[in-house]
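> Please find one structure pasted underneath; my questions will follow.
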Amino acid sequence: MYEVAIIGAGPAGASAALFAAKAGKSTLLIDNDKGMTRRGWYENYYGIAEIGGPDLVETGHKQAVKFGAELVAEQAVNLSPSGDGITIETESGKTYEAKHVILATGVLTDLAAKAGVETKDGTEPRIKTVIAVNAEGKTNIGGIWAAGTVAGVSVHAIITAGDGAKVAVNVISELNGARYVDHDMLKA
Ligand SMILES: Cc1cc2nc3c(=O)[nH]c(=O)nc-3n(C[C@H](O)[C@H](O)[C@H](O)COP(=O)(O)OP(=O)(O)OC[C@H]3O[C@@H](n4cnc5c(N)ncnc54)[C@H](O)[C@@H]3O)c2cc1C
């Protein structure tokens, strides 16, 4: 069983995976590469003067994989609570189990709704429905969290990436039983 599985590898999901894997958690990242991020050109991402969507996505994937996240090209089609975790079924018929699942599915809430995850009206332009989460990113179903556009945050890459990181830190903290901080020192 994975400690953390993330569905969706845009800025929200890949950022969550990066944090979870870097914290030493066994991390699965499932993505079907149909997100919105590749279509954009970014000049408002702090610390990066300008970057195209494909580069932003590919760099994020490489960062997550570098720290040990397992990235699989799959479409998740079903989620169901099982024992002390969540079972994820994919279109190819594979199943994966994880203690915690973070939904980072961008504009799509179909998978969440099918699993009984509560949704609500979105507030952002063109985002009709989002997953209802609390301040930590928890949904109404134990072990299922949500981050990024699908969790209703402002539709900007740096904000969705930050939200993915925030939710991952909350998941890691829950797994550890203590607040988690990831700070590296500048190398001399
Ligand atoms: C044309 C355009 C221009 C933009 N320009 C800017 C800009 O200049 N500045 C800015 O800050 N923001 C911009 N944005 C917005 C920005 O791209 C988004 O806010 C942000 O990147 C969304 O990240 P996300 O991770 O929430 O969603 P996404 O990047 O959409 O990622 C969701 C991922 O989940 C995957 N997924 C969904 N369902 C499943 C499933 N069932 N199984 C497996 N995978 C699944 C998708 O394939 C996708 O990879 C722009 C967006 C567009 C479309």
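Order determines the names: the first chain of the structure tokens is A, the second B, and so forth; residues in each chain are numbered 1 upward, and ligands are numbered 1 upward as they are shown.
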Give one line per residue of chain A that approaches ligand 1 to at most 8 Å, naming the two atoms of the closest pair and their distance in Å to one decimal, counting only C-alpha atoms and all ligand atoms; sort by chain then ascending residue number and deliver it as CSV.


residue,atom,partner,partner_atom_place_in_ligand_line,distance
A:Ile7,CA,ligand 1,44 (N),5.4
A:Gly8,CA,ligand 1,34 (O),3.1
A:Ala9,CA,ligand 1,49 (O),4.8
A:Gly10,CA,ligand 1,31 (O),3.6
A:Pro11,CA,ligand 1,25 (O),4.1
A:Ala12,CA,ligand 1,25 (O),3.8
A:Gly13,CA,ligand 1,25 (O),5.6
A:Ala14,CA,ligand 1,25 (O),7.5
A:Ile30,CA,ligand 1,43 (C),5.4
A:Asp31,CA,ligand 1,44 (N),3.6
A:Asn32,CA,ligand 1,44 (N),4.2
A:Asp33,CA,ligand 1,47 (O),3.8
A:Lys34,CA,ligand 1,47 (O),3.4
A:Gly35,CA,ligand 1,48 (C),3.3
A:Met36,CA,ligand 1,30 (O),4.1
A:Thr37,CA,ligand 1,17 (O),3.7
A:Arg38,CA,ligand 1,17 (O),7.1
A:Arg39,CA,ligand 1,1 (C),4.7
A:Gly40,CA,ligand 1,3 (C),3.5
A:Trp41,CA,ligand 1,8 (O),5.2
A:Tyr42,CA,ligand 1,8 (O),4.2
A:Glu43,CA,ligand 1,8 (O),6.1
A:Asn44,CA,ligand 1,9 (N),5.7
A:Tyr45,CA,ligand 1,11 (O),6.3
A:Gly53,CA,ligand 1,17 (O),7.4
A:Val57,CA,ligand 1,29 (O),8.0
A:Ala73,CA,ligand 1,43 (C),7.6
A:Glu74,CA,ligand 1,43 (C),5.7
A:Gln75,CA,ligand 1,42 (N),3.6
A:Ala76,CA,ligand 1,42 (N),3.9
A:Val77,CA,ligand 1,41 (N),5.7
A:Thr90,CA,ligand 1,42 (N),7.6
A:Ala104,CA,ligand 1,34 (O),5.7
A:Thr105,CA,ligand 1,34 (O),3.6
A:Gly106,CA,ligand 1,27 (O),3.5
A:Val107,CA,ligand 1,30 (O),6.1
A:Leu108,CA,ligand 1,38 (N),5.7
A:Thr109,CA,ligand 1,38 (N),7.7
A:Asp110,CA,ligand 1,41 (N),7.6
A:Leu111,CA,ligand 1,41 (N),5.8
A:Ala147,CA,ligand 1,26 (O),7.1
A:Gly148,CA,ligand 1,26 (O),4.0
A:Thr149,CA,ligand 1,26 (O),3.8
A:Val150,CA,ligand 1,26 (O),6.1
A:Ser154,CA,ligand 1,19 (O),7.0
A:Val155,CA,ligand 1,19 (O),3.6
A:His156,CA,ligand 1,11 (O),3.3
A:Ala157,CA,ligand 1,21 (O),4.0
A:Ile158,CA,ligand 1,11 (O),5.8
A:Ile159,CA,ligand 1,19 (O),7.2
A:Thr160,CA,ligand 1,26 (O),5.1
A:Ala161,CA,ligand 1,25 (O),6.7
A:Gly164,CA,ligand 1,25 (O),7.8

> Hey, can you spit out that residue selection with N, CA and C atoms as a short mmCIF file (atom, residue, chain, number, x, y, z; two decimals), in the first residue's frame?


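selection_15.cif, freshly written:
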data_model
loop_
_atom_site.label_atom_id
_atom_site.label_comp_id
_atom_site.auth_asym_id
_atom_site.auth_seq_id
_atom_site.Cartn_x
_atom_site.Cartn_y
_atom_site.Cartn_z
N ILE A 7 -3.93 11.85 -7.66
CA ILE A 7 -4.53 11.70 -8.99
C ILE A 7 -4.54 13.07 -9.66
N GLY A 8 -3.78 13.16 -10.76
CA GLY A 8 -3.60 14.43 -11.47
C GLY A 8 -2.20 14.97 -11.22
N ALA A 9 -1.45 15.18 -12.31
CA ALA A 9 -0.06 15.65 -12.18
C ALA A 9 0.16 16.99 -12.87
N GLY A 10 -0.80 17.91 -12.69
CA GLY A 10 -0.56 19.31 -13.04
C GLY A 10 0.22 19.94 -11.88
N PRO A 11 0.29 21.26 -11.82
CA PRO A 11 1.04 21.91 -10.74
C PRO A 11 0.57 21.47 -9.35
N ALA A 12 -0.74 21.31 -9.14
CA ALA A 12 -1.23 20.92 -7.81
C ALA A 12 -0.76 19.51 -7.45
N GLY A 13 -1.00 18.57 -8.34
CA GLY A 13 -0.69 17.17 -8.02
C GLY A 13 0.80 16.88 -8.01
N ALA A 14 1.54 17.42 -8.99
CA ALA A 14 2.98 17.13 -9.03
C ALA A 14 3.69 17.80 -7.85
N ILE A 30 -0.74 9.48 -10.44
CA ILE A 30 -1.47 8.94 -11.60
C ILE A 30 -1.94 10.11 -12.46
N ASP A 31 -1.66 10.06 -13.77
CA ASP A 31 -2.07 11.19 -14.62
C ASP A 31 -2.40 10.73 -16.03
N ASN A 32 -3.44 11.33 -16.61
CA ASN A 32 -3.80 10.97 -17.99
C ASN A 32 -3.44 12.08 -18.98
N ASP A 33 -2.69 13.07 -18.52
CA ASP A 33 -2.13 14.12 -19.39
C ASP A 33 -3.18 14.85 -20.22
N LYS A 34 -4.29 15.23 -19.57
CA LYS A 34 -5.32 15.99 -20.28
C LYS A 34 -5.59 17.31 -19.56
N GLY A 35 -4.58 17.81 -18.83
CA GLY A 35 -4.81 19.00 -18.01
C GLY A 35 -4.71 20.30 -18.79
N MET A 36 -5.00 21.42 -18.11
CA MET A 36 -5.00 22.73 -18.76
C MET A 36 -3.61 23.37 -18.79
N THR A 37 -2.71 22.93 -17.91
CA THR A 37 -1.46 23.68 -17.71
C THR A 37 -0.59 23.74 -18.95
N ARG A 38 -0.54 22.67 -19.72
CA ARG A 38 0.30 22.65 -20.94
C ARG A 38 -0.08 23.73 -21.93
N ARG A 39 -1.32 24.20 -21.89
CA ARG A 39 -1.78 25.15 -22.90
C ARG A 39 -1.38 26.59 -22.61
N GLY A 40 -0.84 26.86 -21.42
CA GLY A 40 -0.56 28.24 -21.01
C GLY A 40 0.88 28.67 -21.25
N TRP A 41 1.07 30.00 -21.15
CA TRP A 41 2.39 30.63 -21.18
C TRP A 41 2.46 31.45 -19.90
N TYR A 42 3.50 31.27 -19.07
CA TYR A 42 3.48 31.78 -17.70
C TYR A 42 4.55 32.86 -17.48
N GLU A 43 4.09 34.06 -17.11
CA GLU A 43 5.00 35.16 -16.77
C GLU A 43 4.69 35.69 -15.38
N ASN A 44 3.84 34.95 -14.62
CA ASN A 44 3.47 35.39 -13.27
C ASN A 44 3.75 34.32 -12.23
N TYR A 45 4.72 33.44 -12.53
CA TYR A 45 5.09 32.38 -11.58
C TYR A 45 6.34 32.86 -10.86
N GLY A 53 3.90 26.14 -20.84
CA GLY A 53 3.21 25.09 -20.10
C GLY A 53 3.87 23.72 -20.18
N VAL A 57 5.14 21.67 -16.83
CA VAL A 57 4.63 20.34 -16.47
C VAL A 57 5.76 19.32 -16.41
N ALA A 73 1.10 6.62 -16.23
CA ALA A 73 0.19 7.22 -17.22
C ALA A 73 -1.08 6.37 -17.26
N GLU A 74 -2.07 6.81 -16.54
CA GLU A 74 -3.31 6.04 -16.40
C GLU A 74 -4.46 7.01 -16.17
N GLN A 75 -5.66 6.53 -16.42
CA GLN A 75 -6.86 7.28 -16.05
C GLN A 75 -7.50 6.58 -14.85
N ALA A 76 -7.63 7.30 -13.75
CA ALA A 76 -8.32 6.72 -12.59
C ALA A 76 -9.82 6.76 -12.86
N VAL A 77 -10.51 5.64 -12.63
CA VAL A 77 -11.95 5.59 -12.95
C VAL A 77 -12.82 5.33 -11.72
N THR A 90 -8.10 1.85 -12.26
CA THR A 90 -7.80 2.62 -13.46
C THR A 90 -8.47 2.00 -14.68
N ALA A 104 -6.26 15.89 -7.48
CA ALA A 104 -5.75 17.14 -8.06
C ALA A 104 -6.10 17.12 -9.54
N THR A 105 -7.38 16.92 -9.81
CA THR A 105 -7.86 16.61 -11.16
C THR A 105 -8.27 17.84 -11.97
N GLY A 106 -7.83 19.02 -11.57
CA GLY A 106 -8.07 20.22 -12.38
C GLY A 106 -9.54 20.58 -12.47
N VAL A 107 -10.06 20.64 -13.69
CA VAL A 107 -11.46 21.04 -13.87
C VAL A 107 -12.44 19.87 -13.66
N LEU A 108 -11.92 18.69 -13.45
CA LEU A 108 -12.80 17.50 -13.44
C LEU A 108 -13.16 17.03 -12.02
N THR A 109 -14.47 16.90 -11.79
CA THR A 109 -14.94 16.41 -10.49
C THR A 109 -15.69 15.07 -10.63
N ASP A 110 -15.67 14.50 -11.84
CA ASP A 110 -16.45 13.28 -12.08
C ASP A 110 -16.01 12.11 -11.19
N LEU A 111 -14.69 11.92 -11.08
CA LEU A 111 -14.17 10.82 -10.27
C LEU A 111 -14.58 11.01 -8.80
N ALA A 147 -6.82 19.16 -3.89
CA ALA A 147 -5.91 20.32 -3.99
C ALA A 147 -5.99 20.93 -5.38
N GLY A 148 -5.73 22.23 -5.44
CA GLY A 148 -5.63 22.92 -6.73
C GLY A 148 -6.99 23.37 -7.25
N THR A 149 -7.07 23.50 -8.56
CA THR A 149 -8.29 23.98 -9.21
C THR A 149 -9.51 23.20 -8.75
N VAL A 150 -9.38 21.89 -8.64
CA VAL A 150 -10.54 21.06 -8.27
C VAL A 150 -10.98 21.31 -6.83
N SER A 154 -7.95 29.84 -6.57
CA SER A 154 -7.81 30.73 -7.72
C SER A 154 -7.02 30.01 -8.82
N VAL A 155 -7.52 30.13 -10.06
CA VAL A 155 -6.96 29.33 -11.16
C VAL A 155 -5.69 29.98 -11.72
N HIS A 156 -4.63 29.89 -10.94
CA HIS A 156 -3.30 30.35 -11.35
C HIS A 156 -2.28 29.28 -10.96
N ALA A 157 -1.30 29.08 -11.83
CA ALA A 157 -0.39 27.95 -11.64
C ALA A 157 0.32 28.01 -10.29
N ILE A 158 0.79 29.20 -9.91
CA ILE A 158 1.54 29.26 -8.65
C ILE A 158 0.64 28.99 -7.45
N ILE A 159 -0.63 29.35 -7.57
CA ILE A 159 -1.57 29.13 -6.46
C ILE A 159 -1.96 27.65 -6.37
N THR A 160 -2.18 27.02 -7.53
CA THR A 160 -2.53 25.60 -7.50
C THR A 160 -1.33 24.77 -7.03
N ALA A 161 -0.11 25.16 -7.47
CA ALA A 161 1.09 24.44 -7.01
C ALA A 161 1.24 24.60 -5.50
N GLY A 164 -1.27 22.44 -3.67
CA GLY A 164 -0.84 21.04 -3.66
C GLY A 164 0.21 20.80 -2.57
#

> Can you tell me which residues surround range 170-187 of chain A at a distance of at most 10 Å, considering only C-alpha atoms, apart from same-chain residues fewer than 4 positions away, and format the answer as a list in words?

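After dropping sequence-adjacent residues, the list is Glu3, Val4, Ala16, Phe19, Ala20, Ala21, Lys22, Ala23, Gly24, Lys25, Lys99, His100, Val101, Ile102, Glu136, Gly137, Lys138, Gly143, Ile144, Trp145, Gly164, Ala165 and Lys166 of chain A.
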
> Could you work out how far CA of Val153 in chain A lies from CA of Ala132 in chain A, giving the answer in Å with one decimal?

11.1 Å

> Mind giving me the straight-line distance from CA of Met1 in chain A to CA of Val65 in chain A in Å, one decimal?

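Rounded to one decimal, the two atoms are 18.2 Å apart.
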
> So, with only C-alpha atoms as the atoms that count, which of A:Thr27, A:Ser92, A:Thr123, A:Ser82 lies closest to Lys66 in chain A?

A:Thr27

> Which value, in Å to one decimal, gives the distance between CA of Asn140 in chain A and CA of Glu118 in chain A?

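So the answer is 6.3 Å.
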